[in-house]
Structures are given as C-alpha cells and as structure tokens.
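J.: Contents are compact mmCIF, C-alpha atoms; file name input_25.txt:
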```txt
# COMPACT_ATOMS: atom_id res chain seq x y z
CA MET A 539 -32.32 42.60 -3.87
CA ARG A 540 -34.68 45.30 -2.58
CA ILE A 541 -34.86 48.09 -5.16
CA VAL A 542 -36.67 51.40 -4.88
CA VAL A 543 -37.69 53.02 -8.17
CA GLY A 544 -38.45 56.70 -7.68
CA VAL A 545 -40.41 58.39 -10.46
CA GLY A 546 -40.30 62.14 -11.04
CA GLY A 547 -43.03 64.20 -12.66
CA GLY A 548 -41.95 64.34 -16.30
CA ILE A 549 -43.33 63.02 -19.56
CA ALA A 550 -40.63 60.33 -19.54
CA ALA A 551 -42.32 58.77 -16.48
CA TYR A 552 -43.91 56.21 -18.79
CA LYS A 553 -40.47 54.66 -19.38
CA ALA A 554 -40.26 53.83 -15.69
CA CYS A 555 -42.85 51.12 -16.32
CA SER A 556 -40.39 49.18 -18.51
CA LEU A 557 -37.65 49.69 -15.93
CA VAL A 558 -39.83 48.31 -13.12
CA ARG A 559 -40.69 45.28 -15.23
CA LYS A 560 -37.00 44.60 -15.94
CA PHE A 561 -36.22 44.61 -12.22
CA THR A 562 -39.13 42.36 -11.28
CA GLU A 563 -38.45 39.92 -14.12
CA THR A 564 -34.87 39.47 -12.90
CA GLY A 565 -36.08 38.51 -9.43
CA HIS A 566 -35.78 41.76 -7.49
CA HIS A 567 -38.27 43.06 -4.92
CA VAL A 568 -39.36 46.46 -6.26
CA ARG A 569 -41.05 49.33 -4.45
CA VAL A 570 -42.17 52.23 -6.66
CA ILE A 571 -42.33 55.69 -5.09
CA PRO A 572 -43.64 58.33 -7.48
CA THR A 573 -44.03 62.01 -6.79
CA GLU A 574 -47.54 63.44 -6.91
CA SER A 575 -46.64 65.03 -10.25
CA ALA A 576 -45.55 61.67 -11.65
CA LEU A 577 -49.04 60.31 -11.06
CA GLN A 578 -50.31 62.91 -13.54
CA PHE A 579 -48.47 60.91 -16.22
CA VAL A 580 -48.76 57.28 -15.01
CA GLY A 581 -51.46 56.08 -12.64
CA LYS A 582 -50.82 54.45 -9.28
CA ALA A 583 -52.56 51.23 -10.34
CA THR A 584 -50.04 50.73 -13.15
CA PHE A 585 -47.04 50.87 -10.82
CA GLU A 586 -48.77 48.64 -8.27
CA ALA A 587 -49.57 46.04 -10.91
CA LEU A 588 -46.03 46.02 -12.28
CA SER A 589 -44.26 45.94 -8.91
CA GLY A 590 -46.73 43.88 -6.88
CA ASN A 591 -46.41 46.38 -4.03
CA PRO A 592 -48.49 49.33 -2.80
CA VAL A 593 -47.67 52.77 -4.10
CA GLN A 594 -47.63 55.82 -1.81
CA THR A 595 -46.41 59.38 -2.26
CA GLY A 596 -46.76 60.99 1.19
CA VAL A 597 -45.14 60.39 4.55
CA PHE A 598 -48.47 59.99 6.41
CA ALA A 599 -49.58 56.79 4.68
CA ASP A 600 -49.15 53.57 6.70
CA VAL A 601 -47.71 55.56 9.62
CA PRO A 602 -47.14 52.60 12.02
CA GLU A 603 -44.66 51.11 9.52
CA VAL A 604 -42.72 54.41 9.37
CA PRO A 605 -42.18 54.00 5.58
CA HIS A 606 -40.35 57.33 5.14
CA VAL A 607 -37.49 55.84 7.19
CA ARG A 608 -37.80 52.09 6.73
CA ILE A 609 -37.93 51.93 2.91
CA GLY A 610 -34.63 53.76 2.50
CA GLN A 611 -32.94 51.85 5.31
CA GLU A 612 -33.82 48.47 3.79
CA ALA A 613 -33.05 49.29 0.16
CA ASP A 614 -30.11 47.76 -1.70
CA LEU A 615 -30.43 50.29 -4.52
CA VAL A 616 -32.45 53.41 -5.28
CA VAL A 617 -33.03 54.40 -8.91
CA ILE A 618 -34.70 57.70 -9.80
CA ALA A 619 -36.07 57.68 -13.36
CA PRO A 620 -36.92 60.18 -14.59
CA ALA A 621 -35.05 62.56 -12.30
CA THR A 622 -36.49 65.98 -13.07
CA ALA A 623 -34.71 69.26 -12.39
CA ASP A 624 -37.07 69.96 -9.49
CA LEU A 625 -36.60 66.53 -7.92
CA MET A 626 -32.80 66.73 -8.12
CA ALA A 627 -32.89 70.24 -6.63
CA ARG A 628 -34.94 69.00 -3.68
CA ALA A 629 -32.68 65.95 -3.23
CA ALA A 630 -29.50 68.05 -3.40
CA SER A 631 -30.75 70.44 -0.73
CA GLY A 632 -31.83 67.62 1.60
CA ARG A 633 -35.55 68.28 1.43
CA ALA A 634 -37.89 65.63 2.82
CA ASP A 635 -41.31 66.95 1.82
CA ASP A 636 -42.63 63.72 0.31
CA LEU A 637 -42.00 59.99 0.63
CA LEU A 638 -39.43 59.88 -2.17
CA THR A 639 -37.14 62.63 -0.88
CA ALA A 640 -37.45 61.30 2.67
CA THR A 641 -36.42 57.88 1.40
CA LEU A 642 -33.37 59.40 -0.30
CA LEU A 643 -32.27 60.89 3.01
CA THR A 644 -32.39 57.55 4.81
CA ALA A 645 -30.89 55.40 2.04
CA ARG A 646 -27.33 54.22 2.63
CA CYS A 647 -27.15 52.11 -0.52
CA PRO A 648 -26.06 53.14 -4.03
CA VAL A 649 -28.36 55.80 -5.53
CA LEU A 650 -28.71 56.32 -9.28
CA PHE A 651 -30.33 59.40 -10.83
CA ALA A 652 -31.38 59.22 -14.51
CA PRO A 653 -32.08 62.84 -15.51
CA ALA A 654 -34.77 63.89 -17.98
CA MET A 655 -35.51 67.52 -18.83
CA HIS A 656 -35.16 70.12 -21.56
CA THR A 657 -31.64 71.03 -22.63
CA GLU A 658 -31.86 74.53 -21.16
CA MET A 659 -32.83 73.06 -17.79
CA TRP A 660 -30.02 70.46 -17.87
CA GLU A 661 -27.42 73.12 -18.75
CA HIS A 662 -28.69 75.76 -16.30
CA PRO A 663 -26.07 76.63 -13.64
CA ALA A 664 -28.49 75.67 -10.85
CA THR A 665 -28.93 72.15 -12.25
CA VAL A 666 -25.20 71.84 -12.91
CA ALA A 667 -24.54 72.75 -9.26
CA ASN A 668 -27.22 70.34 -8.00
CA VAL A 669 -25.77 67.48 -10.05
CA ALA A 670 -22.31 68.24 -8.65
CA THR A 671 -23.75 68.23 -5.11
CA LEU A 672 -25.50 64.89 -5.61
CA ARG A 673 -22.30 63.35 -6.95
CA ALA A 674 -20.32 64.80 -4.06
CA HIS A 675 -22.81 63.15 -1.69
CA GLY A 676 -22.01 59.77 -3.27
CA SER A 677 -24.86 59.40 -5.75
CA THR A 678 -24.37 58.40 -9.37
CA VAL A 679 -25.99 60.85 -11.79
CA MET A 680 -26.17 59.53 -15.34
CA GLU A 681 -25.30 61.64 -18.33
CA PRO A 682 -28.58 62.08 -20.24
CA ALA A 683 -29.07 61.01 -23.82
CA SER A 684 -29.39 63.45 -26.72
CA GLY A 685 -32.42 63.32 -28.96
CA ARG A 686 -36.05 64.28 -29.30
CA LEU A 687 -37.52 65.98 -26.25
CA THR A 688 -41.07 67.17 -25.57
CA GLY A 689 -42.54 68.92 -28.60
CA ALA A 690 -40.17 69.70 -31.45
CA ASP A 691 -37.08 70.28 -29.28
CA THR A 692 -33.98 68.09 -29.54
CA GLY A 693 -30.75 68.03 -27.57
CA PRO A 694 -29.13 66.62 -24.43
CA GLY A 695 -31.60 65.97 -21.63
CA ARG A 696 -33.50 62.97 -22.95
CA LEU A 697 -33.99 60.09 -20.51
CA PRO A 698 -31.68 57.17 -21.40
CA GLU A 699 -33.55 54.08 -22.52
CA PRO A 700 -34.72 51.68 -19.76
CA GLU A 701 -32.22 49.04 -20.96
CA GLU A 702 -29.35 51.44 -20.37
CA ILE A 703 -30.61 52.55 -16.95
CA PHE A 704 -31.08 48.90 -16.00
CA ALA A 705 -27.54 48.03 -17.13
CA LEU A 706 -26.00 50.83 -15.07
CA ALA A 707 -28.20 50.02 -12.06
CA SER A 708 -27.12 46.37 -12.29
CA LEU A 709 -23.50 47.50 -12.38
CA LEU A 710 -23.98 49.49 -9.17
CA LEU A 711 -25.40 46.37 -7.51
CA GLU A 712 -22.35 44.39 -8.66
CA ARG A 713 -19.88 47.07 -7.53
CA SER A 714 -21.81 48.11 -4.38
CA ASP A 715 -20.49 51.65 -4.69
CA ALA A 716 -20.98 54.80 -6.74
CA LEU A 717 -19.39 55.05 -10.15
CA PRO A 718 -16.37 57.37 -9.87
CA ARG A 719 -16.17 60.48 -12.07
CA ASP A 720 -12.45 59.93 -12.65
CA LEU A 721 -12.50 60.51 -16.42
CA GLU A 722 -13.80 64.09 -16.39
CA GLY A 723 -12.15 66.08 -19.17
CA ARG A 724 -10.66 62.99 -20.83
CA ARG A 725 -11.18 61.96 -24.44
CA VAL A 726 -11.55 58.22 -24.90
CA VAL A 727 -11.89 56.29 -28.18
CA VAL A 728 -13.47 52.83 -28.05
CA SER A 729 -13.79 50.35 -30.92
CA ALA A 730 -16.51 47.70 -30.84
CA GLY A 731 -18.03 44.86 -32.84
CA GLY A 732 -16.71 42.74 -35.66
CA THR A 733 -15.60 43.90 -39.08
CA ARG A 734 -16.96 42.45 -42.30
CA GLU A 735 -14.73 41.87 -45.31
CA PRO A 736 -16.81 41.60 -48.53
CA LEU A 737 -16.50 38.68 -50.94
CA ASP A 738 -19.22 39.97 -53.27
CA PRO A 739 -22.27 42.26 -52.88
CA VAL A 740 -23.98 39.59 -50.71
CA ARG A 741 -21.33 37.64 -48.79
CA PHE A 742 -18.57 38.61 -46.40
CA LEU A 743 -15.94 37.19 -44.06
CA GLY A 744 -16.86 38.04 -40.48
CA ASN A 745 -16.77 36.85 -36.90
CA ARG A 746 -19.10 36.27 -33.96
CA SER A 747 -18.45 39.54 -32.11
CA SER A 748 -21.70 41.28 -31.12
CA GLY A 749 -20.09 44.52 -29.94
CA LYS A 750 -21.65 44.24 -26.46
CA GLN A 751 -18.32 44.49 -24.63
CA GLY A 752 -17.17 47.52 -26.59
CA TYR A 753 -20.53 49.23 -26.08
CA ALA A 754 -20.26 48.52 -22.35
CA MET A 755 -16.77 50.07 -22.33
CA ALA A 756 -18.08 53.20 -24.07
CA ARG A 757 -21.19 53.43 -21.85
CA VAL A 758 -19.29 53.13 -18.57
CA ALA A 759 -16.52 55.51 -19.70
CA ALA A 760 -19.10 58.16 -20.59
CA GLN A 761 -20.84 57.76 -17.24
CA ARG A 762 -17.45 58.22 -15.56
CA GLY A 763 -17.19 61.62 -17.22
CA ALA A 764 -15.22 60.93 -20.42
CA GLN A 765 -15.94 62.40 -23.83
CA VAL A 766 -16.29 59.14 -25.75
CA THR A 767 -16.11 58.34 -29.45
CA LEU A 768 -17.35 54.84 -30.22
CA ILE A 769 -16.17 53.36 -33.53
CA ALA A 770 -18.69 50.60 -34.19
CA GLY A 771 -18.39 47.75 -36.64
CA ASN A 772 -21.08 45.08 -36.86
CA THR A 773 -23.29 45.78 -33.83
CA ILE A 774 -26.76 44.90 -35.09
CA GLY A 775 -29.49 45.50 -32.53
CA LEU A 776 -27.42 47.57 -30.09
CA GLU A 777 -28.71 51.02 -29.15
CA PRO A 778 -26.09 53.80 -29.05
CA PRO A 779 -25.05 54.52 -25.45
CA ALA A 780 -26.16 57.83 -23.94
CA ALA A 781 -23.71 60.75 -24.22
CA VAL A 782 -21.49 58.88 -26.71
CA ASP A 783 -20.58 59.91 -30.28
CA VAL A 784 -20.89 56.89 -32.58
CA VAL A 785 -18.99 56.40 -35.85
CA HIS A 786 -20.19 53.42 -37.91
CA VAL A 787 -17.77 51.43 -40.06
CA THR A 788 -17.87 48.09 -41.87
CA THR A 789 -14.43 46.85 -42.88
CA ALA A 790 -11.10 46.62 -41.06
CA GLU A 791 -9.70 49.28 -43.38
CA GLN A 792 -12.52 51.66 -42.45
CA MET A 793 -12.02 50.82 -38.77
CA GLY A 794 -8.32 51.65 -39.02
CA THR A 795 -8.96 54.95 -40.77
CA ALA A 796 -11.50 55.99 -38.13
CA VAL A 797 -9.21 54.98 -35.25
CA ASP A 798 -6.32 56.93 -36.81
CA LYS A 799 -8.48 60.02 -37.12
CA HIS A 800 -10.05 60.02 -33.67
CA SER A 801 -6.99 58.90 -31.68
CA VAL A 802 -5.25 62.21 -32.44
CA GLY A 803 -5.63 64.30 -29.29
CA ALA A 804 -7.27 61.47 -27.34
CA ASP A 805 -6.15 60.41 -23.88
CA ALA A 806 -6.90 56.70 -24.35
CA VAL A 807 -7.87 54.22 -27.05
CA ILE A 808 -9.61 50.98 -26.08
CA MET A 809 -9.53 48.47 -28.94
CA ALA A 810 -12.41 46.15 -28.00
CA ALA A 811 -13.40 45.44 -31.63
CA ALA A 812 -12.84 42.05 -33.23
CA VAL A 813 -10.98 43.22 -36.33
CA ALA A 814 -10.59 40.71 -39.16
CA ASP A 815 -6.99 39.59 -39.67
CA PHE A 816 -7.53 38.90 -43.39
CA ARG A 817 -9.62 40.13 -46.31
CA PRO A 818 -10.22 38.75 -49.80
CA VAL A 819 -7.74 39.97 -52.42
CA ASN A 820 -10.51 40.21 -55.01
CA VAL A 821 -14.10 41.33 -54.36
CA ALA A 822 -16.56 40.17 -57.00
CA ALA A 823 -18.69 42.92 -58.53
CA ALA A 824 -21.66 40.53 -58.86
CA LYS A 825 -22.89 37.72 -56.65
CA ILE A 826 -20.71 34.60 -57.02
CA LYS A 827 -22.92 31.90 -58.55
CA LYS A 828 -22.84 28.15 -58.16
CA GLY A 829 -21.83 26.22 -61.22
CA ALA A 830 -19.04 26.22 -63.75
CA HIS A 831 -17.53 29.55 -62.66
CA GLU A 832 -17.56 29.07 -58.89
CA PRO A 833 -14.12 29.58 -57.29
CA ASN A 834 -12.07 26.68 -55.97
CA SER A 835 -10.46 28.90 -53.35
CA ILE A 836 -10.46 32.46 -52.06
CA GLU A 837 -7.13 34.29 -51.92
CA LEU A 838 -6.67 36.33 -48.76
CA THR A 839 -4.33 39.12 -47.75
CA LYS A 840 -3.51 40.50 -44.31
CA ASN A 841 -5.25 43.54 -42.88
CA ARG A 842 -3.02 45.97 -41.05
CA ASP A 843 -2.71 45.57 -37.29
CA ILE A 844 -4.52 48.64 -35.92
CA LEU A 845 -3.41 48.09 -32.31
CA ALA A 846 0.26 47.63 -33.22
CA GLY A 847 0.01 50.68 -35.46
CA LEU A 848 -1.20 52.81 -32.56
CA VAL A 849 1.69 51.67 -30.39
CA GLN A 850 4.19 52.44 -33.17
CA ALA A 851 2.68 55.89 -33.77
CA ARG A 852 3.03 56.62 -30.06
CA ARG A 853 6.66 55.51 -30.14
CA ASP A 854 7.21 57.86 -33.06
CA GLY A 855 5.85 60.75 -30.98
CA GLN A 856 2.67 61.21 -33.02
CA LEU A 857 0.16 60.46 -30.25
CA GLY A 858 1.73 61.99 -27.16
CA GLY A 859 1.07 60.06 -23.96
CA LEU A 860 -1.90 58.12 -25.34
CA ALA A 861 -2.88 55.16 -23.15
CA ILE A 862 -3.63 52.05 -25.23
CA VAL A 863 -5.79 49.10 -24.19
CA GLY A 864 -6.04 45.98 -26.33
CA PHE A 865 -8.38 42.99 -26.26
CA ALA A 866 -7.43 39.41 -27.04
CA ALA A 867 -9.79 36.49 -27.62
CA GLU A 868 -7.73 33.36 -27.02
CA THR A 869 -7.98 29.59 -26.89
CA GLY A 870 -5.43 27.13 -25.58
CA ASP A 871 -3.67 24.65 -27.86
CA GLU A 872 -0.71 22.27 -27.88
CA HIS A 873 1.68 25.23 -27.61
CA GLY A 874 0.21 26.69 -24.43
CA ASP A 875 -2.86 27.80 -22.49
CA VAL A 876 -4.82 31.03 -22.88
CA LEU A 877 -2.56 33.06 -20.60
CA THR A 878 0.62 31.82 -22.30
CA HIS A 879 -0.63 33.07 -25.66
CA ALA A 880 -1.91 36.30 -24.08
CA ARG A 881 1.42 37.15 -22.48
CA ALA A 882 3.16 36.63 -25.80
CA LYS A 883 0.60 38.85 -27.53
CA LEU A 884 1.08 41.64 -24.98
CA ALA A 885 4.83 41.52 -25.59
CA ARG A 886 4.30 41.70 -29.38
CA LYS A 887 1.68 44.44 -29.34
CA GLY A 888 3.30 46.73 -26.77
CA CYS A 889 0.03 48.17 -25.41
CA ASP A 890 -0.34 49.32 -21.80
CA LEU A 891 -3.14 46.91 -20.86
CA LEU A 892 -4.43 43.75 -22.52
CA VAL A 893 -7.85 42.32 -21.68
CA VAL A 894 -7.83 38.56 -22.28
CA ASN A 895 -10.98 36.51 -22.83
CA ALA A 896 -11.07 32.73 -23.18
CA VAL A 897 -13.46 32.10 -26.07
CA GLY A 898 -15.56 29.11 -27.04
CA GLU A 899 -19.19 28.06 -27.01
CA GLY A 900 -21.11 30.43 -24.75
CA LYS A 901 -17.98 32.41 -23.81
CA ALA A 902 -17.20 36.08 -24.54
CA PHE A 903 -18.96 36.37 -27.92
CA GLU A 904 -22.71 36.98 -28.27
CA VAL A 905 -23.41 36.74 -24.52
CA ASP A 906 -24.17 39.32 -21.82
CA ASN A 907 -21.54 38.24 -19.27
CA ASN A 908 -17.80 37.99 -19.46
CA ASP A 909 -14.64 37.24 -17.50
CA GLY A 910 -10.93 36.89 -18.14
CA TRP A 911 -7.65 38.51 -17.15
CA LEU A 912 -6.16 41.98 -17.31
CA LEU A 913 -2.46 42.00 -18.15
CA GLY A 914 -0.30 45.10 -17.69
CA ALA A 915 2.84 46.10 -19.53
CA ASP A 916 4.44 46.40 -16.08
CA GLY A 917 3.99 42.65 -15.54
CA THR A 918 0.88 42.84 -13.36
CA GLU A 919 -1.89 40.29 -13.90
CA GLN A 920 -5.42 40.65 -12.53
CA SER A 921 -8.23 38.12 -12.72
CA LEU A 922 -11.52 39.60 -13.95
CA ASP A 923 -14.29 37.73 -12.19
CA HIS A 924 -17.36 36.52 -14.05
CA GLY A 925 -20.05 39.16 -14.24
CA SER A 926 -21.78 41.56 -16.59
CA LYS A 927 -19.81 43.11 -19.42
CA ALA A 928 -20.40 46.46 -17.74
CA LEU A 929 -18.64 45.16 -14.62
CA LEU A 930 -15.67 43.99 -16.68
CA ALA A 931 -15.60 47.40 -18.37
CA SER A 932 -15.60 49.17 -15.01
CA ARG A 933 -12.67 47.06 -13.77
CA VAL A 934 -10.66 47.83 -16.89
CA LEU A 935 -11.37 51.53 -16.45
CA ASP A 936 -10.36 51.27 -12.78
CA ALA A 937 -6.93 50.14 -14.05
CA LEU A 938 -6.82 52.70 -16.86
CA GLY A 939 -7.41 55.71 -14.59
CA PRO A 940 -3.96 55.70 -12.92
CA LEU A 941 -2.27 55.53 -16.35
CA LEU A 942 -4.04 58.75 -17.32
CA ARG A 943 -3.11 60.53 -14.11
```
Show me the file's structure as structure tokens.
T.:
Amino acid sequence: MRIVVGVGGGIAAYKACSLVRKFTETGHHVRVIPTESALQFVGKATFEALSGNPVQTGVFADVPEVPHVRIGQEADLVVIAPATADLMARAASGRADDLLTATLLTARCPVLFAPAMHTEMWEHPATVANVATLRAHGSTVMEPASGRLTGADTGPGRLPEPEEIFALASLLLERSDALPRDLEGRRVVVSAGGTREPLDPVRFLGNRSSGKQGYAMARVAAQRGAQVTLIAGNTIGLEPPAAVDVVHVTTAEQMGTAVDKHSVGADAVIMAAAVADFRPVNVAAAKIKKGAHEPNSIELTKNRDILAGLVQARRDGQLGGLAIVGFAAETGDEHGDVLTHARAKLARKGCDLLVVNAVGEGKAFEVDNNDGWLLGADGTEQSLDHGSKALLASRVLDALGPLLR
C-alpha cells in the first residue's frame, strides 16, 4: 500500500519516526511529508532514511511531477501524526499553502489524524469545531491520550503511542472507510484478559488469554466516540488504549465485582475476558513445597458466571436496556462442532450477541489476528473473516450499534 505520513510541528514529531518504521517494516511504500515547523524537531535526513523516499515540504519542489496533486491521488492512506491544532485548522478550512495540506485536498483515501497538543488547545471551541469539520468531511480523528505533555503539564492531548496509531491505521486499510462516530455519548464497559486464581503466594490457575482482543474492543469503541471503561485481568505487556479508563483486577471474583459496579448506568457491556470457571477451595498461605506434605489433589469450586449474572440482572430490571455481548472460545468434540456448542451457549447465556472463536494452537489466544462468528439472539449468524483483532472488534461494534439505537 502507498501510505503518506504527514508530520506536524510539535514536540511529538519524534514519535513519527517509529510510525514510519512500522509501516516500512510491514511492506508499505511510505512517503513522509512534514511541515516546515516539523523539521525544527526532526531533520529531513531522518525521514528520508527511514522511508527510503525524498522529503519535501513545499509545492514548488519537483514541479514536473506535480507532487501536490499526484501524491494525494495515489495514496491508499494518509496518516497525520502529530496533528497539531494549527495543522488541523488549516486542513479543516481547506488551505493548501504547503505540500501536506495540498495533499490532503487531493486525497480520496482514508485519512487519519492523530492529535497532539496541550489540553487547553484540544478543548478550545475552535479546535472542537475543526475536529467536527474534519470528521464531517470523512476523516478519522483519533481521541488523544491523557498523560504528560510538554513541561510539567498533564492531561488529554498527548499523542497516542505509535503502536496504537499503527493499529488504527491498519484497521482503516482493512475497512477502506472512515471509522464511524456512532457511539458518541454512550458508556461501554469492556472486560479483557484472563483471570488468575491463586493456589499459594506463587502459583495460580490461569489461561492463555493475552487480553489483545478485549483491548482492541476498548480501543475501537473509544475511537468511535464511546466513554469506555476497560476492566483488565492478566494483560502483561499491553499499553492502555488512548481515551480509555482502565480498572485492573486479578481474580474472577474481582472481575465480577468490577463489572457489577461499572455496568450500572452503562449502555453496553462486552465480556471479552477469559474468566476462570473454577478456583481452588483453599489457598495456601505459604508456598506449597515438594515432599511429604505436597497435596495429592486440588479441590476446586465454581466461580460465578458473570455474563449470565448480567443477563439475569437485566431481566430483573436492574440494568435498564443494557446491551450485552459475550465471547466464547470453543472447540469441536464428539458432541458437535464449534458452532453447535456456540448456539447452545447463546441459548443458555441469553446475551444479545455472542462472538465465537475456534481455539487451538495459533488460534485466538496470544496472537494478533482473529476470526470466528457473530451470533445474535434474533437467530442471525455472521461470519467474521480473518483479520486483525481491531477489525473483528469493529465488526462486532457495527452489529452492536443498532441495538443501542
């Protein structure tokens, strides 16, 4: 794919270097177009070395090739990172006073803006209006991260990490359209990762869930406008998604308590976590040693079914019109295939949507891609084609949107 990376003049311009490398390492043809101000932070030679292509800022360079028109026309994706307040203002008003803004006017591919600025600038009515204009024109404008800004300031306006920008950019390439803002004003709770049930201070019962699918659900929901609370179990090595509130838990009991708390007043709960079905009855206060006193067996007891509990609470009128999405990791056996077991589980659980993944070596757990089926309580069944976990998340949210309306 032919990708244009536009770089605005902010201190976060150095992060664009990592983003360019991610695109080139995955086989894309990358053209970097910085603003003149961006070159005050990162030199032209750096972007040329990383992309393997010449870097220009003005419309009068290489005139016979007409780059201010051709680059945008040929692009499959344009990513602006960082997108400063000034750059977004010029783009929203249709200015074409440098190569980057001219390219934006001629691009007919998906365009992704990753904002970076101080909180006061991000929240200023002029920026709010410019962001709304860009979205109305069909561009995707990311919600910025919260955190340390230039100097001692902290707050929303921080550039999302290159990995997150890359994931959303890759999703736009897979979808070939802008990400809809159909969850504005909605509160969505997402659970992610596996739970760990302690045996002693060292050991635990767990599972292979990495949390990547749940994090993708939270990330995409937030970028579609939702206020997202992510309840995260074991998710070692995953960075919190931008614009998402994260609650960390360890055990199934803690997961259930957190889901109960945050589902009150929510519009949807998406149970993507791999919650342990059982826990040890007794937890040793000291590490269990080998030898004469080692146990012959470990007695287990059932954990409560969080998903079924949500459905029952809704039936009892405690959660209003909450939409509930479940996840099921299934294998076939002598009693039926994956879909047979999934249909039975949907009937037992009573949720509105059930995402079904066939699991096994290299499938669903601990990998970056996923596929499966989406079953609806109304009897509909949709195949979820193989792709990134962000793509699967976006397809699930496509189906969830009408339930909320």
J.: Can you tell me, as a compact mmCIF listing (two decimals) with C-alpha atoms, in the coordinates of the input, what residues are no more than 9 Å from Gly870 of chain A when counting all atoms listed in the file, ignoring any on the same chain fewer than 5 positions away?
T.:
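Saved the output as around.txt:
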```
# COMPACT_ATOMS: atom_id res chain seq x y z
CA ASP A 875 -2.86 27.80 -22.49
CA VAL A 876 -4.82 31.03 -22.88
CA LEU A 877 -2.56 33.06 -20.60
CA THR A 878 0.62 31.82 -22.30
CA HIS A 879 -0.63 33.07 -25.66
CA ALA A 896 -11.07 32.73 -23.18
```
J.: May I have the residues within 8 Å of segment 782-799 of chain A as a list in words, using only C-alpha atoms and disregarding those fewer than 2 positions away in the same chain?
T.: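 Near neighbours after the sequence-gap exclusion: Val727, Ser729, Thr733, Arg734, Glu735, Ala756, Arg757, Ala760, Gln765, Val766, Thr767, Leu768, Ile769, Ala770, Gly771, Asn772, Pro778, Pro779, Ala780, Ser801, Val802, Val813, Ala814, Asn841, Arg842, Ile844 and Leu848 of chain A.
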J.: Residues at most 9 Å from segment 551-566 of chain A, counting only C-alpha atoms, excluding those fewer than 6 positions away in the same chain, as a ChimeraX atom specification?
T.: /A:539-541,543-545,576-577,579-580,584-585,588-590,618-620,697,699-701,703-704
J.: Got a sec: who's within 7 Å of Leu930 of chain A, counting all atoms listed in the file, leaving out chain neighbours fewer than 5 positions off, as a list in words?
T.: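 Here the qualifying residues turn out to be Asn908, Asp909, Leu922 and Gly925 of chain A.
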J.: I need the residues from that last selection saved to file as a PDB file, in the frame of the given file (with C-alpha atoms), if you can.
T.:
```pdb
ATOM      1  CA  ASN A 908     -17.800  37.990 -19.460  1.00  0.00           C
ATOM      2  CA  ASP A 909     -14.640  37.240 -17.500  1.00  0.00           C
ATOM      3  CA  LEU A 922     -11.520  39.600 -13.950  1.00  0.00           C
ATOM      4  CA  GLY A 925     -20.050  39.160 -14.240  1.00  0.00           C
TER       5      GLY A 925
END
```
J.: Please, what distance in Å, to one decimal, runs between atom CA of Ala928 of chain A and atom CA of Leu687 of chain A?
T.: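 According to the coordinates, atom CA of Ala928 of chain A and atom CA of Leu687 of chain A are separated by 27.3 Å.
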J.: Anything within 9 Å of (-15.8, 48.8, -18.8): list those residues as a list in words, counting all atoms listed in the file and sticking to the file's coordinates.
T.: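 Within the cut-off we find Gln751, Gly752, Tyr753, Ala754, Met755, Ala756, Arg757, Val758, Ala759, Lys927, Ala928, Leu929, Leu930, Ala931, Ser932, Arg933, Val934, Leu935 and Asp936 of chain A.
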J.: Give me the residues within 10 Å of Gly858 of chain A as a list of chain:residue names, counting all atoms listed in the file and dropping any in the same chain fewer than 6 places off.
T.: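 The residues satisfying every condition are A:Val802, A:Gly803, A:Ala804, A:Asp805, A:Ala851, A:Arg852.
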J.: Keeping only C-alpha atoms, take the residues you just selected and write them out as a compact mmCIF listing (two decimals), in the coordinates of the input.
T.:
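See out.txt below for the written result:
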```txt
# COMPACT_ATOMS: atom_id res chain seq x y z
CA VAL A 802 -5.25 62.21 -32.44
CA GLY A 803 -5.63 64.30 -29.29
CA ALA A 804 -7.27 61.47 -27.34
CA ASP A 805 -6.15 60.41 -23.88
CA ALA A 851 2.68 55.89 -33.77
CA ARG A 852 3.03 56.62 -30.06
```
J.: Rank A:Leu884, A:Leu637, A:Val568, A:Ala623 by their smallest atom-to-atom distance to Ala587 of chain A, using only C-alpha atoms, and report the top residue only.
T.: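 Ranked by minimum distance to Ala587 of chain A, first place goes to A:Val568.
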J.: Which residue gives the smallest distance to Leu638 of chain A among A:Leu615, A:Leu706, A:Val597, A:Val905, with only C-alpha atoms counted?
T.: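 Going through A:Leu615, A:Leu706, A:Val597, A:Val905 one by one, the smallest distance to Leu638 of chain A is for A:Val597.
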J.: Hey, can you check how far atom CA of Gly546 of chain A sits from atom CA of Arg686 of chain A?
T.: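 Spanning atom CA of Gly546 of chain A to atom CA of Arg686 of chain A is a straight-line distance of 18.9 Å.
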J.: Go through segment 597-706 of chain A residue by residue and, counting all atoms listed in the file, keep those with an atom at most 7 Å from segment 713-719 of chain A; for each kept residue give the shortest atom pair and its distance in Å to one decimal, ordered by chain and increasing number, as a Markdown table.
T.:
```
| residue | atom | partner | partner_atom | distance |
| --- | --- | --- | --- | --- |
| A:Pro648 | CA | A:Asp715 | CA | 5.8 |
| A:Gly676 | CA | A:Ala716 | CA | 6.1 |
| A:Ser677 | CA | A:Ala716 | CA | 6.1 |
| A:Thr678 | CA | A:Ala716 | CA | 5.6 |
```
J.: Can you report as JSON the centre and edge lengths in Å, to one decimal, of an axis-aligned box around the listed atoms of segment 629-644 of chain A padded with 5 Å on each side?
T.:
```
{"center_x": -36.1, "center_y": 64.0, "center_z": 0.7, "size_x": 23.1, "size_y": 22.9, "size_z": 18.2}
```
J.: Tell me, in Å to one decimal, how far atom CA of Glu919 of chain A is from atom CA of Val894 of chain A.
T.: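 Interatomic distance here is 10.4 Å.
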J.: My list of candidates is A:Asp854, A:Asp923, A:Asp624, A:Glu681. Which is closest to Thr573 of chain A when distances are computed with all atoms listed in the file?
T.: A:Asp624
J.: In terms of the shortest atom-to-atom distance over all atoms listed in the file, which of A:Ala652, A:Cys889, A:Ala664, A:Gln578 is closest to Pro698 of chain A?
T.: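 Once distances to Pro698 of chain A are computed over all atoms listed in the file, the minimum belongs to A:Ala652.
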